[in-house]
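Trainee: Once you've had a glance at the structure underneath, I'll fire off some questions.
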Amino acid sequence: MEASGSWDAIDWNQIEDPRSRRSSQGMEEFLLEDEEVYAQGHGVVLLNTDEAGIVSVTNFRLLFVSQATKSIIELGTIPLSTIEKLNDDVKLQSLPRQYDKKQPRELLQVIGKDMRVIVFAFRPRTKQKNEVFDALRRYTKPSQLWELYAFSCDPSTVDKKSDPKMRLMKEYHRLLSEGSEFEVEKYYFRNNWRLTTVNSSYSLCSTYPSQLIVPKSISDEDLWQASTFRAGRRLPIISWCNPVSGAVLARSSQPLVGLMMNFRNNADEKLVSALCTQNVDANLPPRKLYIVDARPRANALANGAKGGGSESSSNYPKSEVLFLGIQNIHTMRDSLSRLRDYVDAHGSISSNGSSSAVSLVGDRRNRGSTWGGGSLNSMTQFSSMLGEWLNHIQNILVGASWIAAQIAQESASVLVHCSDGWDRTTQLIALACLLLDPYYRTFDGFQALVEKDWLAFGHPFAERLGIPTVSENGGSQYELLRQPSVGNLTSSPSRGSLGTPGSSSNTSVQSQTSNNSSPILLQWLDCIAQLLRLYPAAFQFSSKFLVDFMDCVLSCRFGNFLCNSEREREQSGITSSCHCMWTYLADLRASGGSFHEHINPFYDRERYWLPLVPPAAALAPTLWPQFYLRWACPPESQGGGLESHGHSMRKKYEASVKSKEMAESRSRDIKMKMESMLTDLQRERRASSSALAMAQRARRENVAIKRAIQTIGCTVNFSTNENRVDKSEEMSYSFRREADTVSQQDDNADLSVSISAIEDSLVSETPSNQVCESLCPFRSREGCRWPHAACAQLGSQFVGLKANFDAFDRLSVKDCYFPKE
């Protein structure tokens, strides 16, 4: 590996000493449920980004946590099952000024199946690199299936209701159920197909599902006889049917016709012919059958030497045989590997440790742009590598589009196969279904399609992903779990020779050494991404959903895509032992609501409810940036696409909606506070008005009482301990001051009230005496002679109270006795 970089510029003195921390303490916050740390390295540098941190090998992933930010670095964190290759003999080519031959280098290169190539630099003269490397070699290639992280969860937490076989039956019911949305008479052709349980014990075909859709005219005995004429006993089975036109889309493996193509099977020919039902209108021409062989013609003929081959149209009436020229799994794997190497070498974030690698190795006149910085030779090399990969994608797209067009426009039936019928056949069938049926372009439909054509019909995920599986002849789940967890790595068993089921010992097997890994599923998702670019409003899901879906499959965090067939997953008890990926993705979408990045913002269901039939000229694929460039060229991976702009606008809209909601929330809070304050103010106003009314009433009563008391010849003195008033003239003034300025009195001042009788010498001077003399009927010239006068015996209210203090105590003075002021 060649690189220019910042390795020599690293200051090891600023990196934490690994001897100070050798345990997993402090990593708990970064670990998932049931995740355990097996090995750790401290002070490790991720050369791709020149970032130092802690690297940990767990039972699920290689985890890299930044020492500066204390957060997980996504580029340096990769699931163990996603690691394709490890290399501890890495050579860096440093720049001339920074090159130091004495500088030790302990590097570890990790190559992932998800297009990333990362390099870790360990502290010199420590054993950390060896510990991490040994742990990675041990746990990236487990010898037993149940050593995978998917089996580490508590079985009691697994949803037992999530049964893929029940979901498959639900999809079959959707395809075959009598119509509710359309007129029943339009579903005439539904009576031509039936659901059979002939494979319930997987004895007919070990890699097919337990229930199959077949023509109604074909008996189970015919199916047994026809299965012997197909490789791996994978006989022609209906995958999708059109109840309106009667056309079907079927799949199988290659026929066993031999080198001279002279072997025949009556049951197979009868089954294939039954795929072509008669038209309802007798005036229409007979329905045609296309037999599509996904392989190049030369490859099909070469397989004839091994007993395989392809059909002859002379043996199948009303049929036509076509070859699509799609290459095998080994060609696809090598093509992706070359593309990954180039993207890593010339990306903006490369494993060589320099963020400007392109400008250093390329033409400086192009200012080091990501794709414009290379020399003419490097760009020609890239065009060759990219063109090679895109040619494979285009072949698959063109083939699937042609199949969909024949079914949608010509109402023809199509039978698709390759050699084994589980790689190229699955790609074409699943992509054609996606084009024909708008239901498969939704989240629920996408799940149903994957579970039907990829999982139920036996795509060998264990072999293609390079993970262990169980043997086809494996015993019960209990017997499998009793097997030792450590053993010799053996080659993956054959999935069956031509015409006979495969045989292998009753042990778990290791698929990494079989060299059968291949990006078959990735190519299919790449084709969907190309269709998303052509029809941005036809899919409910986005390109980001496809990326996360692929990451979940590669991670082996869930049990859905383990093993090679429905039978193997049932034997290993995956459904009851592992969590479901579909539930995880659904919860992920629910957490983001309608603005989640998995949801296509342009989806228009009403507009795209018919089949999609793209013209061949439009099927010119481009590199899928969201997947291939996300690690090496992060800015370019999201730029320029309509979907990325849509998500950007949607994020801005979501931010504005959140800002609006926050502003409305603050407005509601302020309004509630204002209403509360207004209520308090009104309450205070009422209390103040009531207090004022009470004060005015008390004032009037006080004035009335004062007048009444003064009328009977007494004086009233209001005073405080600070200012006493003794004279009657001052008493009147003091009373008025108290009534008018009660609110201004000191709270701590003691108010005292005294009532005293007026001296006799002052009686004649008081207003009450004057009143008494003016009103008394016993007045004389000598003046008032009370209490010796006759009025003292009359109980007058004017004069009797002057001497009768007991009566004064019982006196009740009311406002009505006195006029208002």
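Numbering starts fresh at 1 for the residues of each chain in the structure tokens, the chains themselves are lettered A, B, ... in the order given, and ligands are numbered from 1 as they appear.
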Quick one: everything within 9 Å of stretch 209-216 of chain A, counting only C-alpha atoms, minus sequence neighbours fewer than 4 positions away in the same chain. Send it as JSON, numbers by chain.

Mentor: {"A": [165, 168, 169, 172, 191, 192, 193, 194, 195, 196, 197, 198, 199, 200, 201, 202, 205, 223, 236, 237, 238, 239, 240, 271, 274, 275, 452, 455, 456, 457, 458, 565, 566, 567]}

Trainee: Residues of stretch 510-579 of chain A that have any atom at most 12 Å from an atom of stretch 647-659 of chain A: could you tabulate them with the shortest-distance atom pair and the distance in Å to one decimal, using only C-alpha atoms, ordered by chain and increasing number, as CSV?

Mentor:
residue,atom,partner,partner_atom,distance
A:Ser542,CA,A:His647,CA,9.5
A:Ser543,CA,A:His647,CA,10.8
A:Lys544,CA,A:His647,CA,10.2

Trainee: Those same residues, written as a CSV table (one decimal), in the first residue's frame with N, CA, C and O atoms?

Mentor:
chain,number,residue,atom,x,y,z
A,542,SER,N,-36.0,6.0,0.4
A,542,SER,CA,-35.0,6.8,-0.2
A,542,SER,C,-33.7,6.0,-0.4
A,542,SER,O,-33.6,4.8,0.0
A,543,SER,N,-32.7,6.6,-1.0
A,543,SER,CA,-31.4,5.9,-1.2
A,543,SER,C,-30.7,5.7,0.1
A,543,SER,O,-30.0,4.7,0.3
A,544,LYS,N,-30.9,6.6,1.1
A,544,LYS,CA,-30.3,6.4,2.4
A,544,LYS,C,-30.9,5.1,3.1
A,544,LYS,O,-30.2,4.4,3.8

Trainee: At most 9 Å is the cut-off: for each residue in stretch 535-588 of chain A with any atom that close to an atom of stretch 133-156 of chain A, write down the nearest atom pair and the distance in Å rounded to one decimal, counting only C-alpha atoms, chain first then increasing number, as a tab-separated table.

Mentor:
residue	atom	partner	partner_atom	distance
A:Cys556	CA	A:Ala150	CA	6.4
A:Arg557	CA	A:Ala150	CA	4.9
A:Phe558	CA	A:Ala150	CA	5.1
A:Gly559	CA	A:Ala150	CA	6.0
A:Leu562	CA	A:Leu145	CA	8.5
A:Cys563	CA	A:Leu145	CA	8.4
A:Ser572	CA	A:Leu145	CA	8.6
A:Ile574	CA	A:Phe151	CA	8.1
A:Ser576	CA	A:Pro155	CA	6.6
A:Ser577	CA	A:Pro155	CA	5.1
A:Cys578	CA	A:Ala150	CA	5.5
A:His579	CA	A:Ala150	CA	7.1

Trainee: State, in Å with one decimal place, the distance from atom CA of A:Leu86 to atom CA of A:Ile118.

Mentor: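 About the pair atom CA of A:Leu86 and atom CA of A:Ile118: they are 10.1 Å apart.
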
Trainee: What's the 10 Å shell around stretch 299-306 of chain A, counting only C-alpha atoms, without same-chain residues fewer than 2 positions away, as a list in words?

Mentor: Gln254, Pro255, Leu256, Val257, Gly258, Leu259, Met260, Met261, Asp293, Ala294, Arg295, Pro296, Arg297, Gly308, Gly309, Ser310, Glu311, Phe323, Gly325, Ile326, Gln327, Asn328, Cys418, Ser419, Ser497 and Leu498 of chain A

Trainee: Could you list, as a PyMOL selection string, every residue within 12 Å of A:Leu588, counting only C-alpha atoms and ignoring same-chain residues fewer than 4 positions away?

Mentor: chain A and resi 545+548-549+581-584+592-599

Trainee: Store the residues of this selection in a file with N, CA, C and O atoms, as a PDB file, in the first residue's frame.

Mentor:
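Written out: part11.pdb:
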ATOM      1  N   PHE A 545     -32.138   4.813   2.828  1.00  0.00           N
ATOM      2  CA  PHE A 545     -32.714   3.584   3.361  1.00  0.00           C
ATOM      3  C   PHE A 545     -32.004   2.369   2.781  1.00  0.00           C
ATOM      4  O   PHE A 545     -31.723   1.398   3.503  1.00  0.00           O
ATOM      5  N   ASP A 548     -28.582   2.007   4.565  1.00  0.00           N
ATOM      6  CA  ASP A 548     -28.711   1.456   5.918  1.00  0.00           C
ATOM      7  C   ASP A 548     -29.158  -0.005   5.880  1.00  0.00           C
ATOM      8  O   ASP A 548     -28.754  -0.803   6.732  1.00  0.00           O
ATOM      9  N   PHE A 549     -29.999  -0.342   4.924  1.00  0.00           N
ATOM     10  CA  PHE A 549     -30.421  -1.733   4.769  1.00  0.00           C
ATOM     11  C   PHE A 549     -29.215  -2.628   4.472  1.00  0.00           C
ATOM     12  O   PHE A 549     -29.046  -3.697   5.082  1.00  0.00           O
ATOM     13  N   MET A 581     -34.453  -7.440  11.904  1.00  0.00           N
ATOM     14  CA  MET A 581     -33.962  -6.207  11.301  1.00  0.00           C
ATOM     15  C   MET A 581     -35.106  -5.301  10.866  1.00  0.00           C
ATOM     16  O   MET A 581     -35.008  -4.069  10.941  1.00  0.00           O
ATOM     17  N   TRP A 582     -36.208  -5.874  10.401  1.00  0.00           N
ATOM     18  CA  TRP A 582     -37.320  -5.053   9.921  1.00  0.00           C
ATOM     19  C   TRP A 582     -37.921  -4.233  11.068  1.00  0.00           C
ATOM     20  O   TRP A 582     -38.313  -3.081  10.873  1.00  0.00           O
ATOM     21  N   THR A 583     -37.989  -4.821  12.252  1.00  0.00           N
ATOM     22  CA  THR A 583     -38.484  -4.083  13.410  1.00  0.00           C
ATOM     23  C   THR A 583     -37.550  -2.931  13.750  1.00  0.00           C
ATOM     24  O   THR A 583     -37.989  -1.821  14.077  1.00  0.00           O
ATOM     25  N   TYR A 584     -36.251  -3.179  13.673  1.00  0.00           N
ATOM     26  CA  TYR A 584     -35.265  -2.134  13.947  1.00  0.00           C
ATOM     27  C   TYR A 584     -35.404  -0.967  12.973  1.00  0.00           C
ATOM     28  O   TYR A 584     -35.422   0.205  13.384  1.00  0.00           O
ATOM     29  N   GLY A 592     -38.095   9.306  13.666  1.00  0.00           N
ATOM     30  CA  GLY A 592     -37.947  10.564  12.943  1.00  0.00           C
ATOM     31  C   GLY A 592     -39.231  11.106  12.359  1.00  0.00           C
ATOM     32  O   GLY A 592     -39.227  12.196  11.764  1.00  0.00           O
ATOM     33  N   GLY A 593     -40.327  10.349  12.496  1.00  0.00           N
ATOM     34  CA  GLY A 593     -41.598  10.824  11.970  1.00  0.00           C
ATOM     35  C   GLY A 593     -41.590  10.892  10.454  1.00  0.00           C
ATOM     36  O   GLY A 593     -40.852  10.178   9.760  1.00  0.00           O
ATOM     37  N   SER A 594     -42.400  11.779   9.917  1.00  0.00           N
ATOM     38  CA  SER A 594     -42.545  11.887   8.461  1.00  0.00           C
ATOM     39  C   SER A 594     -41.345  12.549   7.794  1.00  0.00           C
ATOM     40  O   SER A 594     -41.256  12.566   6.570  1.00  0.00           O
ATOM     41  N   PHE A 595     -40.412  13.082   8.590  1.00  0.00           N
ATOM     42  CA  PHE A 595     -39.247  13.756   8.023  1.00  0.00           C
ATOM     43  C   PHE A 595     -37.996  12.887   8.097  1.00  0.00           C
ATOM     44  O   PHE A 595     -36.898  13.372   7.903  1.00  0.00           O
ATOM     45  N   HIS A 596     -38.151  11.598   8.409  1.00  0.00           N
ATOM     46  CA  HIS A 596     -36.980  10.739   8.525  1.00  0.00           C
ATOM     47  C   HIS A 596     -36.293  10.596   7.173  1.00  0.00           C
ATOM     48  O   HIS A 596     -36.945  10.596   6.124  1.00  0.00           O
ATOM     49  N   GLU A 597     -34.969  10.453   7.218  1.00  0.00           N
ATOM     50  CA  GLU A 597     -34.195  10.410   5.969  1.00  0.00           C
ATOM     51  C   GLU A 597     -34.434   9.137   5.173  1.00  0.00           C
ATOM     52  O   GLU A 597     -34.040   9.064   4.004  1.00  0.00           O
ATOM     53  N   HIS A 598     -35.049   8.126   5.748  1.00  0.00           N
ATOM     54  CA  HIS A 598     -35.396   6.933   4.981  1.00  0.00           C
ATOM     55  C   HIS A 598     -36.611   7.157   4.080  1.00  0.00           C
ATOM     56  O   HIS A 598     -36.845   6.381   3.158  1.00  0.00           O
ATOM     57  N   ILE A 599     -37.383   8.179   4.343  1.00  0.00           N
ATOM     58  CA  ILE A 599     -38.618   8.432   3.601  1.00  0.00           C
ATOM     59  C   ILE A 599     -38.324   9.349   2.419  1.00  0.00           C
ATOM     60  O   ILE A 599     -37.705  10.399   2.568  1.00  0.00           O
TER      61      ILE A 599
END

Trainee: At what distance in Å, to one decimal, does atom CA of A:Ile78 lie from atom CA of A:Ala529?

Mentor: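 So the two atoms, atom CA of A:Ala529 and atom CA of A:Ile78, lie 23.4 Å apart.
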
Trainee: Please report the interatomic distance between atom CA of A:Lys660 and atom CA of A:Met677 in Å with one decimal.

Mentor: 25.2 Å

Trainee: Using DSSP assignments from the backbone, pull out every residue in stretch 35-190 of chain A that falls under alpha helix (DSSP H) and give it to me as a list of chain:residue names.

Mentor: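 Going through stretch 35-190 of chain A, the alpha helix (DSSP H) residues come out as A:Gln128, A:Lys129, A:Asn130, A:Glu131, A:Val132, A:Phe133, A:Asp134, A:Ala135, A:Leu136, A:Arg137, A:Arg138, A:Tyr139, A:Pro164, A:Lys165, A:Met166, A:Arg167, A:Leu168, A:Met169, A:Lys170, A:Glu171, A:Tyr172, A:His173, A:Arg174, A:Leu175, A:Leu176.
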
Trainee: Please produce, as JSON lines, a per-residue contact table for stretch 69-177 of chain A versus stretch 25-44 of chain A (criterion: any atom at most 7 Å away, only C-alpha atoms considered), showing the nearest atom pair and its distance in Å to one decimal, sorted by chain then residue number.

Mentor:
{"residue": "A:Phe120", "atom": "CA", "partner": "A:Val44", "partner_atom": "CA", "distance": 6.6}
{"residue": "A:Ala121", "atom": "CA", "partner": "A:Val44", "partner_atom": "CA", "distance": 5.7}
{"residue": "A:Phe122", "atom": "CA", "partner": "A:Val44", "partner_atom": "CA", "distance": 4.9}
{"residue": "A:Arg123", "atom": "CA", "partner": "A:Val44", "partner_atom": "CA", "distance": 6.7}
{"residue": "A:Gln128", "atom": "CA", "partner": "A:Gly41", "partner_atom": "CA", "distance": 5.3}
{"residue": "A:Glu131", "atom": "CA", "partner": "A:Ala39", "partner_atom": "CA", "distance": 6.5}
{"residue": "A:Val132", "atom": "CA", "partner": "A:Ala39", "partner_atom": "CA", "distance": 5.8}
{"residue": "A:Ala135", "atom": "CA", "partner": "A:Ala39", "partner_atom": "CA", "distance": 6.5}
{"residue": "A:Ser152", "atom": "CA", "partner": "A:Asp34", "partner_atom": "CA", "distance": 6.3}
{"residue": "A:Cys153", "atom": "CA", "partner": "A:Asp34", "partner_atom": "CA", "distance": 6.3}

Trainee: Convert the current residue selection to file output with all heavy atoms, as a PDB file, in the first residue's frame.

Mentor:
ATOM      1  N   PHE A 120      -4.932   1.754  11.028  1.00  0.00           N
ATOM      2  CA  PHE A 120      -4.659   2.176  12.396  1.00  0.00           C
ATOM      3  C   PHE A 120      -3.158   2.130  12.643  1.00  0.00           C
ATOM      4  O   PHE A 120      -2.474   1.199  12.202  1.00  0.00           O
ATOM      5  CB  PHE A 120      -5.371   1.268  13.402  1.00  0.00           C
ATOM      6  CG  PHE A 120      -6.867   1.349  13.343  1.00  0.00           C
ATOM      7  CD1 PHE A 120      -7.595   0.380  12.676  1.00  0.00           C
ATOM      8  CD2 PHE A 120      -7.549   2.392  13.954  1.00  0.00           C
ATOM      9  CE1 PHE A 120      -8.981   0.437  12.625  1.00  0.00           C
ATOM     10  CE2 PHE A 120      -8.930   2.468  13.898  1.00  0.00           C
ATOM     11  CZ  PHE A 120      -9.650   1.491  13.235  1.00  0.00           C
ATOM     12  N   ALA A 121      -2.664   3.127  13.363  1.00  0.00           N
ATOM     13  CA  ALA A 121      -1.252   3.184  13.742  1.00  0.00           C
ATOM     14  C   ALA A 121      -1.155   3.026  15.257  1.00  0.00           C
ATOM     15  O   ALA A 121      -1.735   3.812  16.007  1.00  0.00           O
ATOM     16  CB  ALA A 121      -0.636   4.511  13.301  1.00  0.00           C
ATOM     17  N   PHE A 122      -0.393   2.012  15.694  1.00  0.00           N
ATOM     18  CA  PHE A 122      -0.256   1.729  17.111  1.00  0.00           C
ATOM     19  C   PHE A 122       1.066   2.281  17.638  1.00  0.00           C
ATOM     20  O   PHE A 122       2.042   2.451  16.886  1.00  0.00           O
ATOM     21  CB  PHE A 122      -0.322   0.215  17.356  1.00  0.00           C
ATOM     22  CG  PHE A 122      -1.669  -0.384  17.091  1.00  0.00           C
ATOM     23  CD1 PHE A 122      -2.062  -0.710  15.795  1.00  0.00           C
ATOM     24  CD2 PHE A 122      -2.562  -0.611  18.123  1.00  0.00           C
ATOM     25  CE1 PHE A 122      -3.311  -1.268  15.549  1.00  0.00           C
ATOM     26  CE2 PHE A 122      -3.810  -1.161  17.892  1.00  0.00           C
ATOM     27  CZ  PHE A 122      -4.188  -1.484  16.597  1.00  0.00           C
ATOM     28  N   ARG A 123       1.096   2.517  18.933  1.00  0.00           N
ATOM     29  CA  ARG A 123       2.325   2.994  19.568  1.00  0.00           C
ATOM     30  C   ARG A 123       3.445   1.990  19.355  1.00  0.00           C
ATOM     31  O   ARG A 123       3.236   0.784  19.470  1.00  0.00           O
ATOM     32  CB  ARG A 123       2.106   3.208  21.060  1.00  0.00           C
ATOM     33  CG  ARG A 123       1.244   4.416  21.406  1.00  0.00           C
ATOM     34  CD  ARG A 123       1.059   4.506  22.897  1.00  0.00           C
ATOM     35  NE  ARG A 123       2.331   4.698  23.579  1.00  0.00           N
ATOM     36  CZ  ARG A 123       2.813   5.887  23.937  1.00  0.00           C
ATOM     37  NH1 ARG A 123       2.104   6.979  23.699  1.00  0.00           N
ATOM     38  NH2 ARG A 123       3.964   5.984  24.542  1.00  0.00           N
ATOM     39  N   GLN A 128       0.131  -3.898  21.853  1.00  0.00           N
ATOM     40  CA  GLN A 128      -1.267  -3.595  21.581  1.00  0.00           C
ATOM     41  C   GLN A 128      -1.697  -4.060  20.196  1.00  0.00           C
ATOM     42  O   GLN A 128      -2.781  -4.619  20.031  1.00  0.00           O
ATOM     43  CB  GLN A 128      -1.514  -2.094  21.715  1.00  0.00           C
ATOM     44  CG  GLN A 128      -1.387  -1.574  23.124  1.00  0.00           C
ATOM     45  CD  GLN A 128      -1.817  -0.139  23.212  1.00  0.00           C
ATOM     46  OE1 GLN A 128      -2.949   0.180  23.557  1.00  0.00           O
ATOM     47  NE2 GLN A 128      -0.911   0.757  22.882  1.00  0.00           N
ATOM     48  N   GLU A 131      -2.276  -7.785  20.098  1.00  0.00           N
ATOM     49  CA  GLU A 131      -3.478  -8.182  20.819  1.00  0.00           C
ATOM     50  C   GLU A 131      -4.729  -7.888  20.002  1.00  0.00           C
ATOM     51  O   GLU A 131      -5.634  -8.722  19.889  1.00  0.00           O
ATOM     52  CB  GLU A 131      -3.529  -7.457  22.166  1.00  0.00           C
ATOM     53  CG  GLU A 131      -2.435  -7.883  23.135  1.00  0.00           C
ATOM     54  CD  GLU A 131      -2.485  -7.080  24.417  1.00  0.00           C
ATOM     55  OE1 GLU A 131      -3.368  -6.193  24.530  1.00  0.00           O
ATOM     56  OE2 GLU A 131      -1.654  -7.322  25.313  1.00  0.00           O
ATOM     57  N   VAL A 132      -4.780  -6.693  19.423  1.00  0.00           N
ATOM     58  CA  VAL A 132      -5.936  -6.315  18.612  1.00  0.00           C
ATOM     59  C   VAL A 132      -6.020  -7.166  17.359  1.00  0.00           C
ATOM     60  O   VAL A 132      -7.092  -7.655  16.969  1.00  0.00           O
ATOM     61  CB  VAL A 132      -5.879  -4.810  18.263  1.00  0.00           C
ATOM     62  CG1 VAL A 132      -6.955  -4.448  17.248  1.00  0.00           C
ATOM     63  CG2 VAL A 132      -6.034  -3.963  19.515  1.00  0.00           C
ATOM     64  N   ALA A 135      -7.190 -10.710  18.150  1.00  0.00           N
ATOM     65  CA  ALA A 135      -8.619 -10.733  18.463  1.00  0.00           C
ATOM     66  C   ALA A 135      -9.456 -10.589  17.196  1.00  0.00           C
ATOM     67  O   ALA A 135     -10.487 -11.253  17.040  1.00  0.00           O
ATOM     68  CB  ALA A 135      -8.956  -9.618  19.455  1.00  0.00           C
ATOM     69  N   SER A 152     -26.267 -13.218  20.768  1.00  0.00           N
ATOM     70  CA  SER A 152     -25.888 -12.831  22.127  1.00  0.00           C
ATOM     71  C   SER A 152     -27.039 -12.211  22.906  1.00  0.00           C
ATOM     72  O   SER A 152     -26.914 -11.983  24.109  1.00  0.00           O
ATOM     73  CB  SER A 152     -24.720 -11.840  22.080  1.00  0.00           C
ATOM     74  OG  SER A 152     -25.110 -10.636  21.420  1.00  0.00           O
ATOM     75  N   CYS A 153     -28.145 -11.908  22.255  1.00  0.00           N
ATOM     76  CA  CYS A 153     -29.258 -11.257  22.936  1.00  0.00           C
ATOM     77  C   CYS A 153     -30.024 -12.269  23.779  1.00  0.00           C
ATOM     78  O   CYS A 153     -29.938 -13.482  23.588  1.00  0.00           O
ATOM     79  CB  CYS A 153     -30.198 -10.591  21.926  1.00  0.00           C
ATOM     80  SG  CYS A 153     -31.055 -11.756  20.849  1.00  0.00           S
TER      81      CYS A 153
END
